[in-house]
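Colleague: I am attaching a structure below and will ask some questions about it afterwards.
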Amino acid sequence: MASSSKTQIGSSSQQHFQDQQQKLLVAQKTCSIPLNELEVICEMMVDFDNLEAHDIHLKEAMTFHGWQAFFYGLCGPVYPDLVKEFWVHATLMPKANLSIVHGERISITENLLRKLFGLETVEGVSGAVPGRTEWEVIYEEIYKDGKESTEIKEMKPSYRILAKILLGCVYHRKATVSSNYVSKNQLYILYCIGKKEKVDLPFIIFNYMWHHVKDSRDESRKKNPKYKRNIIPFGRIITDLLVQTKIVEDLEKAGIIKDPYTIIGSTMNARTLKKMGLIESIGTSPQVNTEVRSRRGLALADFELFFRNELPEVIVQYIAMHKEVGSDCDPIWISKQKLATTATQVPEVVQEKERRTERKLDLPTISEEKKEVKKAEEKKEE
């Protein structure tokens, strides 16, 4: 009797533990903007070889800063649907951006970006120092007339190109939004790049992304409802992290995604220089980048993901944060938990896998909006 009683108590405790784990794994939706209203933008790709052929010499500066891996990573495709899933479930911690993408957990940190860009040991400036920055020297270096301005068009040609790259890749924003304006911090970083002073790229990108996520949360949007926050920057970096940490691979193996919808974005090359009025004619035509749609090797496969080996108190803090802001559970997906199983638990694990297979999310090859537009055009023609 005693042995039977102990077995029942153990079974009950185990079931309770599994129930608690399932509750923890419910994806919390922290951004109420509908997915179809969110717009993922791609970082600009830079064709340095084509720029060199037109006497725009930036390769040496990028090599000096060690940013080859960063710019190479911007040549990959972007999975906007997966990026949106990351964005709406993102939760901010002091030094991390946590999220769940169709049941797979990911934590974006500054160290993770350093590993992705191959800049683990590189340090540098991250912005202007108030009271210590010699702005007169900076204005003289960057602007044609040496006077203070926030207008990119007033910069010297080499700095105009650097500014366009900086705003299209690092301080990432939509090209049509204040495209001719730079802040004091951005101006200082431009100066450091041009003068070959080390810049802390991972720190800048992580903090810029962190604050963008914060501004898109419901609490920030309520304070200023007129300001739209439906733009998602760093589409390529987020996609690359999902690929490099094997999350995309796991989702494909589970049958959750099939041939995900991709977008590419723009490229900085001789055509861009002509549009900017910096060259009169294109001497060497830009070549098609064969690396754009290729999938690179997984550099971050061994990087520890959030929840996989996380401390219990950290998980509790994560859940408590959602309860404080009153977040609702998103019932779209509850992921399987990788629990240590015994022979008696095998049927339950198999059942969980079957349930996961049934809940496939077939992503469209083109957006529903495009389909509707196409139908409307066909009706007009008829």
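Within each chain, counting starts at residue 1; across the structure tokens, chains are named A, B, ... in the order shown, with ligands numbered 1 upward in that order.
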Would you list the contacts of Ile263 of chain A as an MDAnalysis selection string, taking every protein, DNA or RNA residue within 7 Å and counting only C-alpha atoms, but skipping same-chain residues closer than 3 positions in sequence?
Modeller: chainID A and resid 77:79
Colleague: If we count only C-alpha atoms and set the cut-off at 10 Å, which residues sit around Thr91 of chain A, ignoring sequence neighbours fewer than 4 positions away in its own chain? Please answer as a list in words.
Modeller: Gln28, Lys29, Thr30, Cys31, Phe86, Trp87, Ala96, Asn97, Leu98, Ser99, Ile100, Ser107, Trp210, Val213, Lys214, Arg217, Tyr318, Ile319, Met321 and His322 of chain A
Colleague: Neighbours of Leu242 of chain A within 9 Å (only C-alpha atoms; same-chain residues fewer than 5 positions away dropped), as a PyMOL selection string?
Modeller: chain A and resi 82-83+101+106+237+247-249
Colleague: Could you name the residues that touch Leu74 of chain A at 7 Å or less, counting only C-alpha atoms, but leaving out those on the same chain fewer than 6 positions away, as a list of chain:residue names?
Modeller: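 So, after excluding close chain neighbours, the residues are A:Glu43, A:Met45, A:Arg236.
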Colleague: Let me see the file: selected residues, N, CA, C and O atoms, as a PDB file, in the first residue's frame.
Modeller:
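What ended up in out_24.pdb:
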```pdb
ATOM      1  N   GLU A  43      17.716  45.680 -44.201  1.00  0.00           N
ATOM      2  CA  GLU A  43      18.916  46.491 -44.227  1.00  0.00           C
ATOM      3  C   GLU A  43      19.466  46.564 -45.659  1.00  0.00           C
ATOM      4  O   GLU A  43      19.278  45.635 -46.453  1.00  0.00           O
ATOM      5  N   MET A  45      21.964  46.307 -48.653  1.00  0.00           N
ATOM      6  CA  MET A  45      23.169  45.583 -49.049  1.00  0.00           C
ATOM      7  C   MET A  45      24.125  46.565 -49.724  1.00  0.00           C
ATOM      8  O   MET A  45      23.677  47.502 -50.390  1.00  0.00           O
ATOM      9  N   ARG A 236      16.932  41.680 -41.629  1.00  0.00           N
ATOM     10  CA  ARG A 236      17.956  40.697 -42.002  1.00  0.00           C
ATOM     11  C   ARG A 236      18.673  40.147 -40.784  1.00  0.00           C
ATOM     12  O   ARG A 236      18.945  38.944 -40.707  1.00  0.00           O
TER      13      ARG A 236
END
```
Colleague: Write down as a ChimeraX atom specification the residues belonging to segment 187-263 of chain A that are assigned alpha helix (DSSP H) by DSSP computed on the backbone.
Modeller: /A:187-194,201-216,218-223,235-244,247-253
Colleague: Name all residues at most 12 Å from Glu141 of chain A (count only C-alpha atoms; drop same-chain ones fewer than 3 positions away) and give them as a PyMOL selection string.
Modeller: chain A and resi 134-138+144-148+154-159+187-188+190-195
Colleague: Can you work out the spacing between atom CA of Leu116 of chain A and atom CA of Cys169 of chain A in Å, to one decimal?
Modeller: 15.0 Å
Colleague: Report as a count of residues only all protein, DNA and RNA residues lying within 10 Å of Asn230 of chain A, evaluated on only C-alpha atoms, omitting residues in the same chain fewer than 6 positions from it.
Modeller: 10
Colleague: Just the residues within 12 Å of Ile279 of chain A, please, counting only C-alpha atoms, with nothing from its chain fewer than 6 positions along; format it as a list in words.
Modeller: Leu51, Ala53, His54, Asp55, Ile56, Pro157, Asn269, Ala270, Arg271, Thr272 and Leu273 of chain A
Colleague: So, with only C-alpha atoms as the atoms that count, which of A:Tyr181, A:Tyr171, A:Tyr261, A:Phe203 lies closest to Phe234 of chain A?
Modeller: A:Tyr171
Colleague: Which one of A:Asp47, A:Asp81, A:Asp200, A:Glu219 sits closest to Asp259 of chain A if you count only C-alpha atoms?
Modeller: A:Asp81
